[in-house]
file protein.cif (mmCIF, C-alpha atoms and all ligand atoms)
data_final
#
loop_
_atom_site.group_PDB
_atom_site.id
_atom_site.type_symbol
_atom_site.label_atom_id
_atom_site.label_comp_id
_atom_site.auth_asym_id
_atom_site.auth_seq_id
_atom_site.Cartn_x
_atom_site.Cartn_y
_atom_site.Cartn_z
ATOM 1 C CA MET A 995 -10.136 11.244 -11.263
ATOM 2 C CA SER A 996 -7.852 8.933 -9.455
ATOM 3 C CA ARG A 997 -8.124 5.682 -7.638
ATOM 4 C CA VAL A 998 -6.984 5.579 -4.029
ATOM 5 C CA ILE A 999 -5.852 2.150 -2.813
ATOM 6 C CA ALA A 1000 -4.960 1.379 0.816
ATOM 7 C CA ILE A 1001 -2.401 -1.427 1.071
ATOM 8 C CA THR A 1002 -3.370 -2.953 4.347
ATOM 9 C CA ASN A 1003 -3.082 -5.925 6.696
ATOM 10 C CA GLN A 1004 -2.573 -5.376 10.411
ATOM 11 C CA LYS A 1005 -0.037 -8.189 10.455
ATOM 12 C CA GLY A 1006 3.557 -6.973 10.010
ATOM 13 C CA GLY A 1007 5.991 -8.459 7.526
ATOM 14 C CA VAL A 1008 3.456 -9.596 4.931
ATOM 15 C CA GLY A 1009 4.734 -7.418 2.071
ATOM 16 C CA LYS A 1010 2.713 -4.194 2.382
ATOM 17 C CA THR A 1011 5.654 -1.832 1.990
ATOM 18 C CA THR A 1012 7.309 -3.949 -0.703
ATOM 19 C CA THR A 1013 4.028 -3.865 -2.617
ATOM 20 C CA ALA A 1014 3.489 -0.129 -2.126
ATOM 21 C CA ILE A 1015 6.948 0.727 -3.477
ATOM 22 C CA ASN A 1016 7.047 -1.758 -6.339
ATOM 23 C CA LEU A 1017 3.443 -1.587 -7.508
ATOM 24 C CA GLY A 1018 3.845 2.203 -7.393
ATOM 25 C CA ALA A 1019 7.021 2.018 -9.482
ATOM 26 C CA ALA A 1020 5.511 -0.466 -11.948
ATOM 27 C CA LEU A 1021 2.459 1.756 -12.453
ATOM 28 C CA ALA A 1022 4.708 4.800 -12.894
ATOM 29 C CA VAL A 1023 6.707 3.131 -15.685
ATOM 30 C CA SER A 1024 3.406 2.396 -17.456
ATOM 31 C CA ASP A 1025 3.081 6.180 -17.773
ATOM 32 C CA VAL A 1026 0.566 6.525 -14.983
ATOM 33 C CA LYS A 1027 1.081 9.280 -12.397
ATOM 34 C CA VAL A 1028 1.325 7.815 -8.902
ATOM 35 C CA LEU A 1029 1.433 9.238 -5.393
ATOM 36 C CA LEU A 1030 2.691 6.947 -2.641
ATOM 37 C CA VAL A 1031 1.495 7.883 0.830
ATOM 38 C CA ASP A 1032 3.653 6.527 3.634
ATOM 39 C CA ALA A 1033 1.241 6.146 6.554
ATOM 40 C CA ASP A 1034 3.487 3.939 8.690
ATOM 41 C CA PRO A 1035 5.605 5.542 11.472
ATOM 42 C CA GLN A 1036 8.375 3.086 10.527
ATOM 43 C CA GLY A 1037 8.732 5.103 7.323
ATOM 44 C CA ASN A 1038 9.999 2.107 5.349
ATOM 45 C CA THR A 1039 8.431 3.282 2.096
ATOM 46 C CA THR A 1040 10.216 6.599 2.568
ATOM 47 C CA SER A 1041 13.661 5.127 3.233
ATOM 48 C CA GLY A 1042 13.118 2.326 0.686
ATOM 49 C CA LEU A 1043 12.829 4.980 -2.015
ATOM 50 C CA GLY A 1044 16.065 6.611 -0.893
ATOM 51 C CA ILE A 1045 14.468 9.658 0.753
ATOM 52 C CA GLN A 1046 16.572 10.782 3.736
ATOM 53 C CA LYS A 1047 14.601 11.324 6.939
ATOM 54 C CA THR A 1048 16.312 14.564 7.945
ATOM 55 C CA PRO A 1049 14.823 16.603 10.833
ATOM 56 C CA GLY A 1050 13.649 19.256 8.362
ATOM 57 C CA LEU A 1051 11.781 16.855 6.080
ATOM 58 C CA ALA A 1052 8.090 17.776 5.787
ATOM 59 C CA THR A 1053 6.017 14.636 6.337
ATOM 60 C CA ILE A 1054 2.491 13.298 6.542
ATOM 61 C CA TYR A 1055 2.620 14.095 10.277
ATOM 62 C CA ASP A 1056 2.897 17.833 9.537
ATOM 63 C CA VAL A 1057 -0.046 17.537 7.143
ATOM 64 C CA LEU A 1058 -2.304 15.605 9.532
ATOM 65 C CA VAL A 1059 -1.438 17.358 12.782
ATOM 66 C CA ASP A 1060 -0.024 20.795 11.950
ATOM 67 C CA ASP A 1061 -2.182 21.573 8.938
ATOM 68 C CA LYS A 1062 0.814 21.882 6.625
ATOM 69 C CA ASP A 1063 -0.131 22.210 2.942
ATOM 70 C CA ILE A 1064 0.005 18.682 1.490
ATOM 71 C CA GLU A 1065 1.599 19.997 -1.707
ATOM 72 C CA ASP A 1066 4.535 21.308 0.316
ATOM 73 C CA ALA A 1067 5.099 17.900 1.901
ATOM 74 C CA ILE A 1068 4.891 15.789 -1.277
ATOM 75 C CA CYS A 1069 8.318 15.189 -2.815
ATOM 76 C CA PRO A 1070 9.456 13.656 -6.093
ATOM 77 C CA THR A 1071 11.394 10.359 -6.091
ATOM 78 C CA SER A 1072 14.209 9.278 -8.383
ATOM 79 C CA MET A 1073 11.558 7.685 -10.589
ATOM 80 C CA GLU A 1074 9.665 9.816 -13.113
ATOM 81 C CA GLY A 1075 5.926 9.858 -12.370
ATOM 82 C CA LEU A 1076 6.281 8.594 -8.803
ATOM 83 C CA ASP A 1077 5.801 11.105 -5.952
ATOM 84 C CA LEU A 1078 5.877 10.457 -2.218
ATOM 85 C CA LEU A 1079 4.211 11.858 0.876
ATOM 86 C CA PRO A 1080 6.916 10.739 3.336
ATOM 87 C CA ALA A 1081 6.707 9.598 6.953
ATOM 88 C CA ASP A 1082 9.089 9.413 9.861
ATOM 89 C CA LYS A 1083 8.857 8.296 13.475
ATOM 90 C CA ASN A 1084 6.975 11.454 14.533
ATOM 91 C CA LEU A 1085 3.926 9.744 13.069
ATOM 92 C CA ILE A 1086 3.832 7.420 16.105
ATOM 93 C CA GLY A 1087 2.187 10.221 18.099
ATOM 94 C CA VAL A 1088 -0.532 10.936 15.566
ATOM 95 C CA ASN A 1089 -3.041 8.419 16.911
ATOM 96 C CA LEU A 1090 -3.103 10.291 20.221
ATOM 97 C CA GLU A 1091 -2.866 13.755 18.740
ATOM 98 C CA ILE A 1092 -5.865 13.491 16.428
ATOM 99 C CA VAL A 1093 -8.050 11.462 18.765
ATOM 100 C CA GLY A 1094 -9.950 14.584 19.823
ATOM 101 C CA ALA A 1095 -10.131 16.151 16.354
ATOM 102 C CA ASP A 1096 -13.367 16.730 14.453
ATOM 103 C CA GLN A 1097 -14.135 13.818 12.111
ATOM 104 C CA ARG A 1098 -10.842 12.328 13.157
ATOM 105 C CA GLU A 1099 -11.318 9.271 10.908
ATOM 106 C CA SER A 1100 -11.400 11.275 7.680
ATOM 107 C CA ILE A 1101 -8.560 13.792 8.076
ATOM 108 C CA LEU A 1102 -6.359 12.088 5.462
ATOM 109 C CA ARG A 1103 -9.294 11.876 3.049
ATOM 110 C CA ARG A 1104 -9.872 15.637 3.294
ATOM 111 C CA LYS A 1105 -6.155 16.404 2.888
ATOM 112 C CA LEU A 1106 -5.857 14.187 -0.210
ATOM 113 C CA GLU A 1107 -8.759 15.936 -1.938
ATOM 114 C CA LYS A 1108 -6.450 18.797 -2.853
ATOM 115 C CA VAL A 1109 -4.102 16.574 -4.897
ATOM 116 C CA ARG A 1110 -6.405 13.782 -6.040
ATOM 117 C CA ASN A 1111 -6.827 15.106 -9.561
ATOM 118 C CA LYS A 1112 -3.051 15.271 -10.113
ATOM 119 C CA TYR A 1113 -2.630 11.498 -9.875
ATOM 120 C CA GLU A 1114 -4.178 8.458 -11.520
ATOM 121 C CA PHE A 1115 -3.308 6.238 -8.563
ATOM 122 C CA ILE A 1116 -2.700 7.055 -4.922
ATOM 123 C CA LEU A 1117 -1.318 4.111 -2.930
ATOM 124 C CA ILE A 1118 -1.337 4.284 0.878
ATOM 125 C CA ASP A 1119 1.108 2.080 2.791
ATOM 126 C CA CYS A 1120 -0.590 1.278 6.120
ATOM 127 C CA PRO A 1121 0.962 0.529 9.517
ATOM 128 C CA PRO A 1122 0.720 -3.000 10.974
ATOM 129 C CA ALA A 1123 -2.215 -2.113 13.246
ATOM 130 C CA LEU A 1124 -5.940 -1.463 13.050
ATOM 131 C CA ASP A 1125 -5.445 1.993 14.549
ATOM 132 C CA LEU A 1126 -6.666 5.504 13.763
ATOM 133 C CA LEU A 1127 -4.042 5.846 11.021
ATOM 134 C CA THR A 1128 -5.279 2.724 9.263
ATOM 135 C CA LEU A 1129 -8.862 3.913 9.729
ATOM 136 C CA ASN A 1130 -7.875 7.200 8.068
ATOM 137 C CA ALA A 1131 -6.239 5.291 5.204
ATOM 138 C CA LEU A 1132 -9.320 3.107 4.679
ATOM 139 C CA MET A 1133 -11.666 6.111 4.847
ATOM 140 C CA ALA A 1134 -9.510 7.873 2.232
ATOM 141 C CA ALA A 1135 -9.443 4.835 -0.053
ATOM 142 C CA ASP A 1136 -11.723 3.610 -2.818
ATOM 143 C CA SER A 1137 -10.439 0.107 -2.223
ATOM 144 C CA ALA A 1138 -8.178 -2.050 -0.073
ATOM 145 C CA LEU A 1139 -5.385 -4.240 -1.422
ATOM 146 C CA VAL A 1140 -4.577 -6.940 1.132
ATOM 147 C CA PRO A 1141 -1.203 -8.688 0.874
ATOM 148 C CA ILE A 1142 -1.176 -12.111 2.504
ATOM 149 C CA GLN A 1143 1.961 -14.136 3.007
ATOM 150 C CA CYS A 1144 1.685 -17.748 1.847
ATOM 151 C CA GLU A 1145 2.512 -19.361 5.188
ATOM 152 C CA PHE A 1146 0.839 -21.319 7.925
ATOM 153 C CA PHE A 1147 -0.997 -18.530 9.780
ATOM 154 C CA ALA A 1148 -1.917 -16.692 6.575
ATOM 155 C CA LEU A 1149 -5.518 -16.058 7.573
ATOM 156 C CA GLU A 1150 -4.728 -14.960 11.111
ATOM 157 C CA GLY A 1151 -6.191 -11.495 11.639
ATOM 158 C CA VAL A 1152 -7.773 -11.293 8.193
ATOM 159 C CA SER A 1153 -11.287 -11.674 9.593
ATOM 160 C CA GLU A 1154 -10.693 -8.683 11.922
ATOM 161 C CA LEU A 1155 -9.568 -6.665 8.914
ATOM 162 C CA MET A 1156 -12.664 -7.685 6.954
ATOM 163 C CA ASP A 1157 -14.841 -6.770 9.989
ATOM 164 C CA THR A 1158 -13.177 -3.341 10.099
ATOM 165 C CA ILE A 1159 -13.869 -2.823 6.393
ATOM 166 C CA GLU A 1160 -17.487 -3.851 6.934
ATOM 167 C CA ARG A 1161 -17.754 -1.387 9.837
ATOM 168 C CA ILE A 1162 -16.407 1.396 7.608
ATOM 169 C CA ARG A 1163 -19.141 0.648 5.097
ATOM 170 C CA GLU A 1164 -21.920 0.451 7.664
ATOM 171 C CA SER A 1165 -21.018 2.877 10.458
ATOM 172 C CA PHE A 1166 -19.308 5.511 8.328
ATOM 173 C CA GLY A 1167 -21.252 4.975 5.102
ATOM 174 C CA HIS A 1168 -18.014 4.792 3.095
ATOM 175 C CA PRO A 1169 -18.400 2.332 0.187
ATOM 176 C CA ILE A 1170 -14.849 0.911 0.215
ATOM 177 C CA LYS A 1171 -14.254 -2.091 -2.065
ATOM 178 C CA ILE A 1172 -11.707 -4.882 -2.013
ATOM 179 C CA GLU A 1173 -9.165 -4.187 -4.765
ATOM 180 C CA GLY A 1174 -7.781 -7.664 -4.332
ATOM 181 C CA ILE A 1175 -6.039 -10.163 -2.098
ATOM 182 C CA LEU A 1176 -2.371 -10.473 -3.066
ATOM 183 C CA LEU A 1177 -0.442 -13.659 -2.364
ATOM 184 C CA THR A 1178 3.112 -12.658 -1.416
ATOM 185 C CA MET A 1179 6.441 -14.376 -0.718
ATOM 186 C CA PHE A 1180 5.233 -17.467 -2.517
ATOM 187 C CA ASP A 1181 7.786 -20.262 -2.615
ATOM 188 C CA ASP A 1182 6.652 -22.833 -5.179
ATOM 189 C CA ARG A 1183 9.197 -25.372 -3.921
ATOM 190 C CA THR A 1184 7.243 -25.981 -0.742
ATOM 191 C CA ASN A 1185 4.041 -27.982 -0.462
ATOM 192 C CA LEU A 1186 2.949 -25.726 2.384
ATOM 193 C CA ALA A 1187 2.999 -22.581 0.226
ATOM 194 C CA ARG A 1188 1.093 -24.357 -2.565
ATOM 195 C CA GLN A 1189 -1.482 -25.615 -0.069
ATOM 196 C CA VAL A 1190 -1.896 -22.200 1.573
ATOM 197 C CA ALA A 1191 -2.284 -20.531 -1.832
ATOM 198 C CA ALA A 1192 -4.931 -23.073 -2.844
ATOM 199 C CA ASP A 1193 -6.783 -22.547 0.456
ATOM 200 C CA LEU A 1194 -6.715 -18.759 0.052
ATOM 201 C CA ARG A 1195 -8.105 -19.019 -3.493
ATOM 202 C CA GLU A 1196 -10.854 -21.291 -2.259
ATOM 203 C CA PHE A 1197 -11.663 -18.936 0.628
ATOM 204 C CA PHE A 1198 -11.579 -15.623 -1.260
ATOM 205 C CA GLY A 1199 -12.466 -16.839 -4.769
ATOM 206 C CA GLY A 1200 -12.265 -14.214 -7.502
ATOM 207 C CA GLU A 1201 -11.018 -11.545 -5.096
ATOM 208 C CA VAL A 1202 -7.504 -13.013 -5.244
ATOM 209 C CA PHE A 1203 -5.203 -11.443 -7.848
ATOM 210 C CA LYS A 1204 -4.051 -13.841 -10.578
ATOM 211 C CA THR A 1205 -0.563 -12.446 -10.134
ATOM 212 C CA VAL A 1206 1.379 -14.074 -7.301
ATOM 213 C CA ILE A 1207 4.498 -12.424 -5.865
ATOM 214 C CA PRO A 1208 7.296 -15.000 -5.512
ATOM 215 C CA ARG A 1209 9.789 -15.033 -2.686
ATOM 216 C CA ASN A 1210 12.731 -13.292 -4.328
ATOM 217 C CA ILE A 1211 15.839 -12.091 -2.495
ATOM 218 C CA ARG A 1212 16.258 -9.168 -4.906
ATOM 219 C CA LEU A 1213 12.976 -7.705 -3.561
ATOM 220 C CA ALA A 1214 14.426 -7.770 -0.049
ATOM 221 C CA GLU A 1215 17.727 -6.205 -1.166
ATOM 222 C CA ALA A 1216 16.339 -3.304 -3.204
ATOM 223 C CA PRO A 1217 15.221 -1.012 -0.302
ATOM 224 C CA SER A 1218 18.730 -0.876 1.189
ATOM 225 C CA HIS A 1219 19.811 0.657 -2.125
ATOM 226 C CA GLY A 1220 16.954 3.163 -1.951
ATOM 227 C CA LYS A 1221 15.475 1.760 -5.155
ATOM 228 C CA SER A 1222 12.375 -0.003 -6.389
ATOM 229 C CA ILE A 1223 12.918 -3.463 -7.851
ATOM 230 C CA LEU A 1224 12.363 -2.008 -11.334
ATOM 231 C CA ALA A 1225 15.401 0.214 -10.882
ATOM 232 C CA TYR A 1226 17.469 -2.258 -8.863
ATOM 233 C CA ASP A 1227 17.020 -5.436 -10.900
ATOM 234 C CA PRO A 1228 14.468 -5.132 -13.705
ATOM 235 C CA GLY A 1229 15.136 -8.672 -14.940
ATOM 236 C CA SER A 1230 14.419 -10.354 -11.598
ATOM 237 C CA ARG A 1231 11.367 -12.533 -10.939
ATOM 238 C CA GLY A 1232 10.271 -10.027 -8.324
ATOM 239 C CA SER A 1233 10.320 -7.195 -10.825
ATOM 240 C CA GLU A 1234 8.422 -9.221 -13.426
ATOM 241 C CA ALA A 1235 5.779 -10.075 -10.830
ATOM 242 C CA TYR A 1236 5.156 -6.451 -9.841
ATOM 243 C CA VAL A 1237 5.003 -5.394 -13.512
ATOM 244 C CA GLN A 1238 2.404 -8.136 -13.995
ATOM 245 C CA LEU A 1239 0.471 -6.939 -10.929
ATOM 246 C CA ALA A 1240 0.432 -3.372 -12.275
ATOM 247 C CA LYS A 1241 -1.047 -4.672 -15.550
ATOM 248 C CA GLU A 1242 -3.722 -6.551 -13.636
ATOM 249 C CA VAL A 1243 -4.588 -3.472 -11.551
ATOM 250 C CA LEU A 1244 -4.794 -1.332 -14.713
ATOM 251 C CA THR A 1245 -6.954 -3.912 -16.513
ATOM 252 C CA ASN A 1246 -9.357 -4.002 -13.539
ATOM 253 C CA GLU A 1247 -9.486 -0.203 -13.530
ATOM 254 C CA HIS A 1248 -10.252 -0.077 -17.277
ATOM 255 C CA LYS A 1249 -13.001 -2.671 -16.855
ATOM 256 C CA ARG A 1250 -14.549 -0.629 -14.055
ATOM 257 C CA SER A 1251 -14.485 2.627 -15.984
ATOM 258 C CA ALA A 1252 -15.945 0.903 -19.067
ATOM 259 C CA GLN A 1253 -18.826 -0.381 -16.904
ATOM 260 C CA ALA A 1254 -19.315 3.006 -15.287
ATOM 261 C CA GLY A 1255 -19.176 4.923 -18.551
HETATM 262 N N1 LIG B 1 8.417 -11.300 -2.275
HETATM 263 C C1 LIG B 1 9.389 -11.155 -1.357
HETATM 264 N N2 LIG B 1 10.492 -11.935 -1.414
HETATM 265 C C2 LIG B 1 11.468 -11.810 -0.471
HETATM 266 N N3 LIG B 1 11.448 -10.938 0.544
HETATM 267 C C3 LIG B 1 10.363 -10.139 0.645
HETATM 268 C C4 LIG B 1 9.292 -10.195 -0.292
HETATM 269 N N4 LIG B 1 8.354 -9.279 0.065
HETATM 270 C C5 LIG B 1 8.826 -8.682 1.173
HETATM 271 N N5 LIG B 1 10.027 -9.188 1.530
HETATM 272 C C6 LIG B 1 10.834 -8.822 2.706
HETATM 273 O O1 LIG B 1 10.104 -9.223 3.860
HETATM 274 C C7 LIG B 1 10.166 -8.227 4.872
HETATM 275 C C8 LIG B 1 8.750 -7.712 5.184
HETATM 276 O O2 LIG B 1 8.212 -7.078 4.015
HETATM 277 P P1 LIG B 1 7.491 -5.672 4.086
HETATM 278 O O3 LIG B 1 7.103 -5.310 2.703
HETATM 279 O O4 LIG B 1 8.341 -4.683 4.826
HETATM 280 O O5 LIG B 1 6.212 -6.051 4.938
HETATM 281 P P2 LIG B 1 5.188 -5.116 5.751
HETATM 282 O O6 LIG B 1 5.239 -3.738 5.156
HETATM 283 O O7 LIG B 1 3.859 -5.786 5.567
HETATM 284 O O8 LIG B 1 5.631 -5.136 7.182
HETATM 285 C C9 LIG B 1 11.084 -7.140 4.344
HETATM 286 O O9 LIG B 1 12.376 -7.388 4.812
HETATM 287 C C10 LIG B 1 11.023 -7.330 2.833
HETATM 288 O O10 LIG B 1 12.195 -6.890 2.196
HETATM 289 MG MG MG B 2 5.614 -1.885 6.119
#
call {"tool": "encode", "arguments": {"input": "protein.cif", "output": "structure tokens"}}
result
Amino acid sequence: MSRVIAITNQKGGVGKTTTAINLGAALAVSDVKVLLVDADPQGNTTSGLGIQKTPGLATIYDVLVDDKDIEDAICPTSMEGLDLLPADKNLIGVNLEIVGADQRESILRRKLEKVRNKYEFILIDCPPALDLLTLNALMAADSALVPIQCEFFALEGVSELMDTIERIRESFGHPIKIEGILLTMFDDRTNLARQVAADLREFFGGEVFKTVIPRNIRLAEAPSHGKSILAYDPGSRGSEAYVQLAKEVLTNEHKRSAQAG
């Protein structure tokens, strides 16, 4: 069994892709098998892991639209235990191309079934929109991890996201949970960031991860080298934070399976 987590927030630039790559890498170094699913037409998770978007690259688009075997599209990365289902700009068209398909909201879920038992975690990097791709990611997921940037308009759009999650539970009968709210790009030198973080903890309570991701330039540099932060600068604050987040995610998972079993 594996846990499928959609990393989602329809706002761009909040740290979804950075979290997908680096949480994925930090889980993989803890000896957990991880599949990263790039579900964003920008393909930043793909390029950030150093995978070249050549015209011949098999991607999530081929799996969703052309019925390509998902196992033929998944590729290894330079990190042991971390595989990727890549994306490129072709994915832009997918919203239109699957709009008339049968059960169009659960295509990704059905495709992932084939590989679910090969991984302990499957992390889906969502696009910055509440579109059919994000709906597919949420329908495929056991839970949603929501990165929120510690800045003035932090909560903007979050209620729409929570409404969408509620609609998935009610209209589609899919019992998706909240994995956690993740505070990202936290700058402890500013009063604003401290205030926003305090407000978010008050608003979301225990759903907020204890781990906070600091603003760290090394995290922004790593993707241009095609590496996770663990490979690029393992001693950085950014790396330490994602290692800590992976521990927290694993602890939560162990607690859940202890309760279930
Ligand atoms: N903790 C961080 N510290 C510094 N820069 C960050 C951090 N997290 C993300 N970034 C940078 O901010 C930008 C947006 O992050 P990204 O993960 O691509 O967001 P999203 O996927 O939500 O659009 C990127 O340039 C990224 O490198
Ligand atoms: Mg992104």
call {"tool": "residues_near_ligand", "arguments": {"input": "protein.cif", "ligand": "ligand LIG 1 (chain B)", "cutoff": "9 Å", "atoms": "only C-alpha atoms and all ligand atoms", "output": "PyMOL selection string"}}
result
chain A and resi 1001-1015+1034+1038-1039+1119-1122+1141-1143+1178-1181+1207-1218+1232
call {"tool": "resolve_selection", "arguments": {"input": "protein.cif", "expression": "the PyMOL selection byres (((chain A and resi 1027) around 6) and not hetatm)", "output": "JSON, numbers by chain"}}
result
{"A": [1022, 1026, 1028, 1075, 1113, 1114]}
call {"tool": "atom_distance", "arguments": {"input": "protein.cif", "atom1": "atom CA of Ala1135 of chain A", "atom2": "atom CA of Pro1049 of chain A"}}
result
29.1 Å
call {"tool": "closest_residue", "arguments": {"input": "protein.cif", "among": "A:Leu1058, A:Leu1106, A:Ala1081, A:Ile1170", "to": "ligand MG 2 (chain B)", "atoms": "all atoms listed in the file"}}
result
A:Ala1081
call {"tool": "atom_distance", "arguments": {"input": "protein.cif", "atom1": "atom CA of Ile1116 of chain A", "atom2": "atom CA of Leu1029 of chain A"}}
result
4.7 Å
call {"tool": "residues_near_point", "arguments": {"input": "protein.cif", "point": "(18.0, 1.4, -4.8)", "cutoff": "12 Å", "atoms": "only C-alpha atoms", "output": "ChimeraX atom specification"}}
result
/A:1015-1016,1019,1039-1045,1071-1073,1212-1228
call {"tool": "atom_distance", "arguments": {"input": "protein.cif", "atom1": "atom CA of Ala1000 of chain A", "atom2": "atom CA of Leu1102 of chain A"}}
result
11.8 Å
call {"tool": "closest_residue", "arguments": {"input": "protein.cif", "among": "A:Pro1035, A:Pro1169, A:Gly1255, A:Gly1018", "to": "ligand MG 2 (chain B)", "atoms": "all atoms listed in the file"}}
result
A:Pro1035
call {"tool": "closest_atom_pairs", "arguments": {"input": "protein.cif", "of": "segment 1095-1202 of chain A", "to": "segment 1235-1245 of chain A", "cutoff": "10 Å", "atoms": "only C-alpha atoms", "output": "Markdown table"}}
result
| residue | atom | partner | partner_atom | distance |
| --- | --- | --- | --- | --- |
| A:Phe1115 | CA | A:Leu1244 | CA | 9.9 |
| A:Glu1173 | CA | A:Val1243 | CA | 8.2 |
| A:Gly1174 | CA | A:Val1243 | CA | 8.9 |
| A:Leu1176 | CA | A:Leu1239 | CA | 9.1 |
call {"tool": "closest_residue", "arguments": {"input": "protein.cif", "among": "A:Gln1253, A:Ser1233, A:Gln1036, A:Asn1185", "to": "ligand MG 2 (chain B)", "atoms": "all atoms listed in the file"}}
result
A:Gln1036
call {"tool": "resolve_selection", "arguments": {"input": "protein.cif", "expression": "the PyMOL selection byres (((chain A and resi 1171) around 12) and not hetatm)", "output": "PDB file with C-alpha atoms, in the coordinates of the input"}}
result
ATOM      1  CA  ARG A 997      -8.124   5.682  -7.638  1.00  0.00           C
ATOM      2  CA  VAL A 998      -6.984   5.579  -4.029  1.00  0.00           C
ATOM      3  CA  ILE A 999      -5.852   2.150  -2.813  1.00  0.00           C
ATOM      4  CA  ALA A1000      -4.960   1.379   0.816  1.00  0.00           C
ATOM      5  CA  LEU A1132      -9.320   3.107   4.679  1.00  0.00           C
ATOM      6  CA  MET A1133     -11.666   6.111   4.847  1.00  0.00           C
ATOM      7  CA  ALA A1134      -9.510   7.873   2.232  1.00  0.00           C
ATOM      8  CA  ALA A1135      -9.443   4.835  -0.053  1.00  0.00           C
ATOM      9  CA  ASP A1136     -11.723   3.610  -2.818  1.00  0.00           C
ATOM     10  CA  SER A1137     -10.439   0.107  -2.223  1.00  0.00           C
ATOM     11  CA  ALA A1138      -8.178  -2.050  -0.073  1.00  0.00           C
ATOM     12  CA  LEU A1139      -5.385  -4.240  -1.422  1.00  0.00           C
ATOM     13  CA  VAL A1140      -4.577  -6.940   1.132  1.00  0.00           C
ATOM     14  CA  MET A1156     -12.664  -7.685   6.954  1.00  0.00           C
ATOM     15  CA  ILE A1159     -13.869  -2.823   6.393  1.00  0.00           C
ATOM     16  CA  GLU A1160     -17.487  -3.851   6.934  1.00  0.00           C
ATOM     17  CA  ILE A1162     -16.407   1.396   7.608  1.00  0.00           C
ATOM     18  CA  ARG A1163     -19.141   0.648   5.097  1.00  0.00           C
ATOM     19  CA  HIS A1168     -18.014   4.792   3.095  1.00  0.00           C
ATOM     20  CA  PRO A1169     -18.400   2.332   0.187  1.00  0.00           C
ATOM     21  CA  ILE A1170     -14.849   0.911   0.215  1.00  0.00           C
ATOM     22  CA  ILE A1172     -11.707  -4.882  -2.013  1.00  0.00           C
ATOM     23  CA  GLU A1173      -9.165  -4.187  -4.765  1.00  0.00           C
ATOM     24  CA  GLY A1174      -7.781  -7.664  -4.332  1.00  0.00           C
ATOM     25  CA  ILE A1175      -6.039 -10.163  -2.098  1.00  0.00           C
ATOM     26  CA  GLU A1201     -11.018 -11.545  -5.096  1.00  0.00           C
TER      27      GLU A1201
END
call {"tool": "resolve_selection", "arguments": {"input": "protein.cif", "expression": "the PyMOL selection byres (((chain A and resi 1088-1100) around 10) and not hetatm)", "output": "PDB file with C-alpha atoms, in the coordinates of the input"}}
result
ATOM      1  CA  PRO A1035       5.605   5.542  11.472  1.00  0.00           C
ATOM      2  CA  ILE A1054       2.491  13.298   6.542  1.00  0.00           C
ATOM      3  CA  TYR A1055       2.620  14.095  10.277  1.00  0.00           C
ATOM      4  CA  ASP A1056       2.897  17.833   9.537  1.00  0.00           C
ATOM      5  CA  LEU A1058      -2.304  15.605   9.532  1.00  0.00           C
ATOM      6  CA  VAL A1059      -1.438  17.358  12.782  1.00  0.00           C
ATOM      7  CA  LYS A1083       8.857   8.296  13.475  1.00  0.00           C
ATOM      8  CA  ASN A1084       6.975  11.454  14.533  1.00  0.00           C
ATOM      9  CA  LEU A1085       3.926   9.744  13.069  1.00  0.00           C
ATOM     10  CA  ILE A1086       3.832   7.420  16.105  1.00  0.00           C
ATOM     11  CA  GLY A1087       2.187  10.221  18.099  1.00  0.00           C
ATOM     12  CA  ILE A1101      -8.560  13.792   8.076  1.00  0.00           C
ATOM     13  CA  LEU A1102      -6.359  12.088   5.462  1.00  0.00           C
ATOM     14  CA  ARG A1103      -9.294  11.876   3.049  1.00  0.00           C
ATOM     15  CA  ARG A1104      -9.872  15.637   3.294  1.00  0.00           C
ATOM     16  CA  LYS A1105      -6.155  16.404   2.888  1.00  0.00           C
ATOM     17  CA  ASP A1125      -5.445   1.993  14.549  1.00  0.00           C
ATOM     18  CA  LEU A1126      -6.666   5.504  13.763  1.00  0.00           C
ATOM     19  CA  LEU A1127      -4.042   5.846  11.021  1.00  0.00           C
ATOM     20  CA  THR A1128      -5.279   2.724   9.263  1.00  0.00           C
ATOM     21  CA  LEU A1129      -8.862   3.913   9.729  1.00  0.00           C
ATOM     22  CA  ASN A1130      -7.875   7.200   8.068  1.00  0.00           C
ATOM     23  CA  ALA A1131      -6.239   5.291   5.204  1.00  0.00           C
ATOM     24  CA  LEU A1132      -9.320   3.107   4.679  1.00  0.00           C
ATOM     25  CA  MET A1133     -11.666   6.111   4.847  1.00  0.00           C
ATOM     26  CA  ALA A1134      -9.510   7.873   2.232  1.00  0.00           C
ATOM     27  CA  ILE A1162     -16.407   1.396   7.608  1.00  0.00           C
ATOM     28  CA  PHE A1166     -19.308   5.511   8.328  1.00  0.00           C
TER      29      PHE A1166
END
call {"tool": "decode", "arguments": {"input": "protein.cif", "residues": "segment 1137-1141 of chain A", "atoms": "N, CA and C atoms", "output": "JSON list (two decimals), in the first residue's frame"}}
result
[["chain", "number", "residue", "atom", "x", "y", "z"],
["A", 1137, "SER", "N", -4.66, 12.30, 0.34],
["A", 1137, "SER", "CA", -4.63, 13.53, 1.12],
["A", 1137, "SER", "C", -4.01, 14.67, 0.31],
["A", 1138, "ALA", "N", -4.26, 15.89, 0.79],
["A", 1138, "ALA", "CA", -3.72, 17.09, 0.15],
["A", 1138, "ALA", "C", -2.74, 17.77, 1.09],
["A", 1139, "LEU", "N", -1.58, 18.11, 0.56],
["A", 1139, "LEU", "CA", -0.59, 18.90, 1.32],
["A", 1139, "LEU", "C", -0.62, 20.29, 0.70],
["A", 1140, "VAL", "N", -0.92, 21.30, 1.52],
["A", 1140, "VAL", "CA", -1.14, 22.65, 1.00],
["A", 1140, "VAL", "C", -0.02, 23.59, 1.46],
["A", 1141, "PRO", "N", 0.91, 23.91, 0.56],
["A", 1141, "PRO", "CA", 1.94, 24.90, 0.93],
["A", 1141, "PRO", "C", 1.34, 26.29, 0.92]]
